[in-house]
Number of protein chains: 2
Amino acid sequence: MSSEQTAIQVPEGYRALDVETLAPYLAGLPALGARLGGGADDWRVEEVGDGNLNLVFIVRGPAGGLCVKQALPYVRLVGESWPLPLDRAFFEHEALVEHGRHAPGLTPAVHHFDPVLMLTVMELLEPHIIMRRGMIQGIRYPRAATDMAEYMARTLFFTSDLGMNAAEKKARVALFCGNTALCNITEDLIFTEPYMVHDNNWWTSPQLDDLAAAVRADAELKRAVSGLKCRFMGNAEALIHGDLHTGSIMVTEDDTRVIDPEFAFFGPMGFDTGAFVGNLLLNYFSQDGHATEADDRTAYRDWVLETAEAFWHAFAECYGALWAGRTGGAYPAALFAGPEGEASLEQARDDAIAALLTDTIRFGAAKMIRRILGIAHNIDFELIDDPDRRAACERPALLLGRELLVNGAGYRTIRAVTDAAREFHARAGA
Amino acid sequence: MSSEQTAIQVPEGYRALDVETLAPYLAGLPALGARLGGGADDWRVEEVGDGNLNLVFIVRGPAGGLCVKQALPYVRLVGESWPLPLDRAFFEHEALVEHGRHAPGLTPAVHHFDPVLMLTVMELLEPHIIMRRGMIQGIRYPRAATDMAEYMARTLFFTSDLGMNAAEKKARVALFCGNTALCNITEDLIFTEPYMVHDNNWWTSPQLDDLAAAVRADAELKRAVSGLKCRFMGNAEALIHGDLHTGSIMVTEDDTRVIDPEFAFFGPMGFDTGAFVGNLLLNYFSQDGHATEADDRTAYRDWVLETAEAFWHAFAECYGALWAGRTGGAYPAALFAGPEGEASLEQARDDAIAALLTDTIRFGAAKMIRRILGIAHNIDFELIDDPDRRAACERPALLLGRELLVNGAGYRTIRAVTDAAREFHARAGA
C-alpha cells in the first residue's frame with residue numbers, strides 16, 4: 001500500500017451510522033421518509049456491504065426502499081490500520097450525478113448526499129443482483145453488452161475534450177485531482193504490487209507459485225505495466241469510473257446500472273473499457289470451475305466472449321456516432337466541413353477507436369493479472385473451492401493477461417482478443 | 001478568438017502602473033528599494049514591453065536594476081476588446097518559482113510578487129538580449145543548446161510522474177487547471193485558426209496565398225493538427241512553460257535564462273521541446289532574408305541546425321540520466337532492480353525519449369505553421385522588409401512544417417529533421 005498513509009481524520013460531526021441509528025437519521029429527512037412510507041418504526045434496516053471500503057444499508061418501508069452508502073475513514077477489508085479519506089464519498093457522488101446525466105437510466109437515481117456523514121442515499125435497485133454473481137450462476141444478461149457500451153461511450157465522450165468545453169473540463173479535472181488517495185490505491189494495487197514481492201499479494205499456492213515468480217521476473221511485462229501506469233497517472237482524457245469491473249454493475253435481464261464510482265477521476269478511457277472486458281475474460285476462464293454434470297458451461301462460456309465482442313462493437317458504434325455532434329474543442333467542426341472533411345473526421349475517429357482498443361486490451365490485461373496475484377481477488381475464481389480446479393482456471397487467464405499486456409497493440413480487433421482467449425482455454429484443457 | 005470572452009474584471013485594488021507610479025510603489029517595499037539604492041527620486045523607469053500581453057518596466061537605481069512585469073486585464077496587442085484574466089500573472093509566478101527550483105540559474109531570480117497588482121519583480125538580466133534578436137543578427141550562443149536542454153530536461157522531469165510524488169503532482173495539476181484562458185489561446189491560435197478562414201490570420205500576400213489555401217484544404221494536415229490539439233488538451237504529463245520560443249529566452253554568450261512562463265500548465269512535454277526546435281527551424285529558414293554581401297549567413301545557418309541537434313542530444317542525455325534517480329510513482333524502483341531491471345529501464349527510457357522526439361517534431365511543426373499563417377508572427381521573418389524575399393524564406397519553412405506535422409513519426413532522429421530542413425532549403429533555392 002501507499003507510503004503516504006496518514007492518521008484517520010474525520011470532519012466535525014462525522015459518525016459512522018449503524019442499523020440502529022440510520023432510521024432516526026432518515027426520519028429527519030422528510031423527502032426520504034416519504035419514499036419509505038410510514039414512520040421510522042416501520043422501517044427495516046439491514047447492513048449488506050460486502051465491498052472492501054464502505055458501509056451499505058438497505059432500508060425498506062411500507063411504500064418502498066432505499067439504499068444508503070456511507071464511507072468509513074479506513075479500508076473496511078483491512079481495518080483502522082489502513083486509513084482512507086472520507087471525501088471519496090464526495091467524489092463518488094459527483095461522478096454518480098455527472099455520469100447519470102450523460103447516461104440516463106444506467107446509474108441508480110441519487111436522492112440525497114450528506115457531506116458531513118459522507119453518505120449517499122440512492123434508489124434501491126430491485127430485483128437487481130451484482131452482474132458478477134449472476135455470471136457465476138451462468139445467467140445471461142441480454143442487455144448488458146449494449147447498455148455498458150452506451151454507458152461508457154456517453155460518459156467518456158461527454159467528459160472528454162471531444163464532448164466538453166475546455167474551461168469546464170479543466171474545472172472538473174481540478175476537482176477530481178482531489179481524489180488522489182483512491183488513485184494511489186489503483187497505482188499501487190494494480191500497476192505495482194502484483195509484480196513484486198509484497199505482503200498484500202496472495203494467490204492459489206503452491207499451484208501458481210511458478211507463474212507468480214515468472215511475473216516478478218518478467219522484465220518486459222514489468223516495463224509494459226509501468227508504461228501503462230504512467231498513462232494512468234498522466235492522461236486526463238475523460239471522467240472515468242475507475243473501478244468498472246462486473247462487481248460494479250447491477251443487473252436484471254432487462255436493466256443495467258453502474259454503481260460505486262468512488263475511484264472516479266480524469267484518466268484514460270481505456271481503463272474503464274478495459275476493466276469491463278478484462279473482467280469478462282476472467283469470468284470466461286472461471287466457468288470450468290463452476291461446471292456441473294448438468295451444465296458444462298460450454299454454451300455460457302461462449303456467451304461471455306460474445307458479450308465482450310458485442311460490447312466493443314456497440315461501444316465503437318455509439319462512441320463514433322457521438323463524434324458527429326461533438327461540442328468540445330478537439331477536432332473543431334470548422335476544420336472538418338464538407339464531404340472531404342466528414343471523411344477525414346471519420347478516419348480520425350477510426351484511428352482514435354483503434355488506439356482505444358489497444359488501451360482497452362492492455363488495461364484489461366493488467367486487471368486480469370492483479371485479480372489473480374494481487375490483494376483483491378474475484379469471486380469468479382474464489383468461489384471455486386478446490387484449489388487445483390481453481391488454479392487450472394486461473395493459469396490460462398494469467399497467461400493471457402501477460403500476453404495481452406505485452407503484445408496488446410498487435411490485437412487489432414476484439415475478435416482477435418476473444419480468439420486468443422479461446423486458444424488459451426483450449427490449450428490449457430489439452 | 002475564443003467563444004468564451006468575458007468582460008474585463010479586475011480584483012479590488014488592482015491598477016495598471018506606469019512610469020510615474022511604479023517608483024513610489026517600489027519605494028514602499030524596502031527590500032526592493034535596497035537593491036536599487038538611493039531613493040525613489042534616483043530611480044529611472046522605462047516601459048519596454050514589446051510582447052503581446054503585458055507591461056514590462058526596467059527600473060535602474062544607483063545600486064542596481066530590477067525588471068517589473070505587470071499583467072493587463074486585456075491583450076495588449078489587440079486592446080480592451082480582448083479581455084484576458086489577470087490571474088495569468090499568478091500562474092506565471094508559480095511556474096517561474098517552480099521551474100527556477102528545478103533548473104537553478106536558468107531562470108531570472110524572483111524578488112517579489114504582488115497578488116493584487118498582479119505584478120512580479122525580478123532580477124534585471126543584463127547584458128542579456130532576447131535570443132531571437134541575437135539570432136537575427138547572426139550571433140552564436142555556445143551555451144544555448146546545452147542550457148536549454150538542461151532547463152527542459154529538469155523542469156519537465158521533476159514535474160512529471162517520474163520525478164514527482166503522485167499526490168503532490170495532482171495538487172499542482174489542479175492549481176494550473178485555473179490557467180485555462182491562456183490554454184484556450186494556444187488551442188485557438190496554434191491548433192485551429194491557421195487551418196481555417198479567420199480574421200486573425202494574415203500572411204505574406206499574395207506570395208503565400210497558394211500555400212495558405214492549400215493548408216486550409218489539407219484534410220490530412222487538419223486531422224493531424226487536431227489530434228495534436230487533443231493531446232495538448234488532455235495530456236497532463238508535466239508542468240510545461242507553454243510558450244517556449246526563442247523570444248522567451250534571454251541570452252549572453254555565456255548565460256541563458258528562460259522567461260515569461262505565463263502559459264504554464266500541465267501538458268505534453270513535447271510542446272516545450274517542440275517550441276524550441278520549431279523556432280530554431282524558423283530562424284534557419286529566415287537567414288537568407290538577413291544575408292548581406294559581407295555575410296551570406298551560410299555558416300550561421302549551419303550553426304542553427306547544429307544547435308537544434310546539440311539541444312536534442314543533450315536533452316536526451318540529461319533527461320535520461322534523471323531517470324536513474326526517479327522519485328515519482330511511474331516505473332517504481334522495486335520493479336527494476338538488478339542488472340536486468342536496469343537494462344529494462346534503459347529500454348523504457350529510450351522508448352519514452354523516442355516518443356518524445358515524435359511529439360517534439362510534430363508540436364514544433366505546428367508552431368512553425370502558425371507563425372507564418374496565424375495571428376502572431378516572428379520577427380525572424382517580419383524584419384525581412386521585401387515581401388518577395390520574405391515569402392521565399394517562409395515558403396520552404398511552411399512546407400517543412402506541413403511535412404513534419406503529418407509525417408513526424410517517420411523521423412527517428414533529430415538529424416533526420418535537420419537534414420529535411422537542409423533539403424527543403426536547398427530545393428527552394430534551386
# chains A, B, ... in the order shown; residues from 1 in each chain; ligands from 1
call {"tool": "residues_around", "arguments": {"residues": "Asp302 (chain B)", "least_positions_apart": "2", "cutoff": "12 Å", "atoms": "only C-alpha atoms", "output": "number ranges by chain"}}
result
B: 138, 140, 280-281, 283-285, 287, 296-300, 304-309, 418-419, 421-422, 425
call {"tool": "select_by_dssp", "arguments": {"residues": "region 214-375 of chain A", "states": "alpha helix (DSSP H)", "output": "PyMOL selection string"}}
result
chain A and resi 214-216+219-234+269-290+298-323+338-373
call {"tool": "residues_around", "arguments": {"residues": "Asp359 (chain A)", "least_positions_apart": "6", "cutoff": "8 Å", "atoms": "only C-alpha atoms", "output": "list in words"}}
result
Gly270, Phe271, Gly274 and Gly408 of chain A
call {"tool": "interface_residues", "arguments": {"of": "chain A", "to": "chain B", "cutoff": "8 Å", "atoms": "only C-alpha atoms", "output": "VMD selection string"}}
result
chain A and resid 161 166 to 167 170 to 171 173 to 175 177 to 178 180 to 181 184 187 192 195 to 196 216 219 to 220 222 to 223 226 to 227 229 to 230 233 to 237 329 to 332 334 to 336 340 to 341 344 to 345 348
call {"tool": "closest_residue", "arguments": {"among": "B:Leu189, B:Ile259, B:Ala426, B:Ala149", "to": "Ala392 (chain B)", "atoms": "only C-alpha atoms"}}
result
B:Ala426
call {"tool": "select_by_dssp", "arguments": {"residues": "region 88-319 of chain B", "states": "strand (DSSP E or B)", "output": "NGL selection string"}}
result
:B and (110-114 or 119-123 or 129-130 or 235 or 238-240 or 249-252 or 255-258 or 265-267)
call {"tool": "write_last_selection", "arguments": {"atoms": "C-alpha atoms", "output": "compact mmCIF listing (two decimals), in the first residue's frame"}}
result
# COMPACT_ATOMS: atom_id res chain seq x y z
CA VAL B 110 12.20 36.44 -8.45
CA HIS B 111 12.23 39.12 -5.76
CA HIS B 112 8.56 39.93 -5.22
CA PHE B 113 5.04 39.07 -6.29
CA ASP B 114 2.02 41.29 -5.69
CA LEU B 119 2.96 42.21 -10.69
CA THR B 120 6.28 40.36 -10.42
CA VAL B 121 9.61 41.99 -9.62
CA MET B 122 12.59 40.10 -10.99
CA GLU B 123 16.29 40.29 -11.47
CA ILE B 129 19.11 40.14 -25.11
CA ILE B 130 16.22 38.13 -26.48
CA ASN B 235 -2.13 15.03 -21.52
CA ALA B 238 4.45 17.77 -16.76
CA LEU B 239 4.39 21.46 -15.85
CA ILE B 240 5.32 22.94 -19.20
CA ILE B 249 14.86 33.12 -23.82
CA MET B 250 17.33 35.81 -22.76
CA VAL B 251 20.95 35.17 -23.53
CA THR B 252 24.51 36.30 -23.47
CA ASP B 255 24.35 32.75 -19.84
CA THR B 256 20.85 31.56 -20.70
CA ARG B 257 17.59 32.39 -18.92
CA VAL B 258 14.05 31.34 -19.65
CA PHE B 265 0.10 24.33 -17.19
CA PHE B 266 0.37 20.54 -17.01
CA GLY B 267 0.54 19.49 -20.64
call {"tool": "residues_around", "arguments": {"residues": "Ser286 (chain B)", "least_positions_apart": "3", "cutoff": "7 Å", "atoms": "only C-alpha atoms", "output": "number ranges by chain"}}
result
B: 282-283, 289-290, 380-381, 393
call {"tool": "residues_around", "arguments": {"residues": "Asp87 (chain B)", "least_positions_apart": "4", "cutoff": "9 Å", "atoms": "only C-alpha atoms", "output": "compact mmCIF listing (two decimals) with N, CA and C atoms, in the first residue's frame"}}
result
# COMPACT_ATOMS: atom_id res chain seq x y z
N ALA B 71 0.64 42.30 -15.38
CA ALA B 71 -0.39 41.84 -16.31
C ALA B 71 -1.44 42.92 -16.50
N PHE B 91 -0.12 32.49 -12.19
CA PHE B 91 0.41 31.22 -12.70
C PHE B 91 1.84 31.39 -13.21
N GLU B 92 2.12 32.51 -13.83
CA GLU B 92 3.48 32.77 -14.30
C GLU B 92 4.46 32.77 -13.13
N PRO B 115 -0.03 39.97 -5.45
CA PRO B 115 -1.21 39.27 -5.97
C PRO B 115 -2.39 40.20 -6.23
N MET B 118 -0.98 42.05 -9.51
CA MET B 118 -0.58 41.01 -10.48
C MET B 118 0.74 41.40 -11.14
N GLY B 178 -6.47 26.18 -13.47
CA GLY B 178 -7.05 27.51 -13.45
C GLY B 178 -6.54 28.41 -14.56
N ASN B 179 -5.44 28.03 -15.20
CA ASN B 179 -4.87 28.89 -16.25
C ASN B 179 -5.51 28.59 -17.60
call {"tool": "atom_distance", "arguments": {"atom1": "CA of Ala40 (chain A)", "atom2": "CA of Leu55 (chain A)"}}
result
19.8 Å
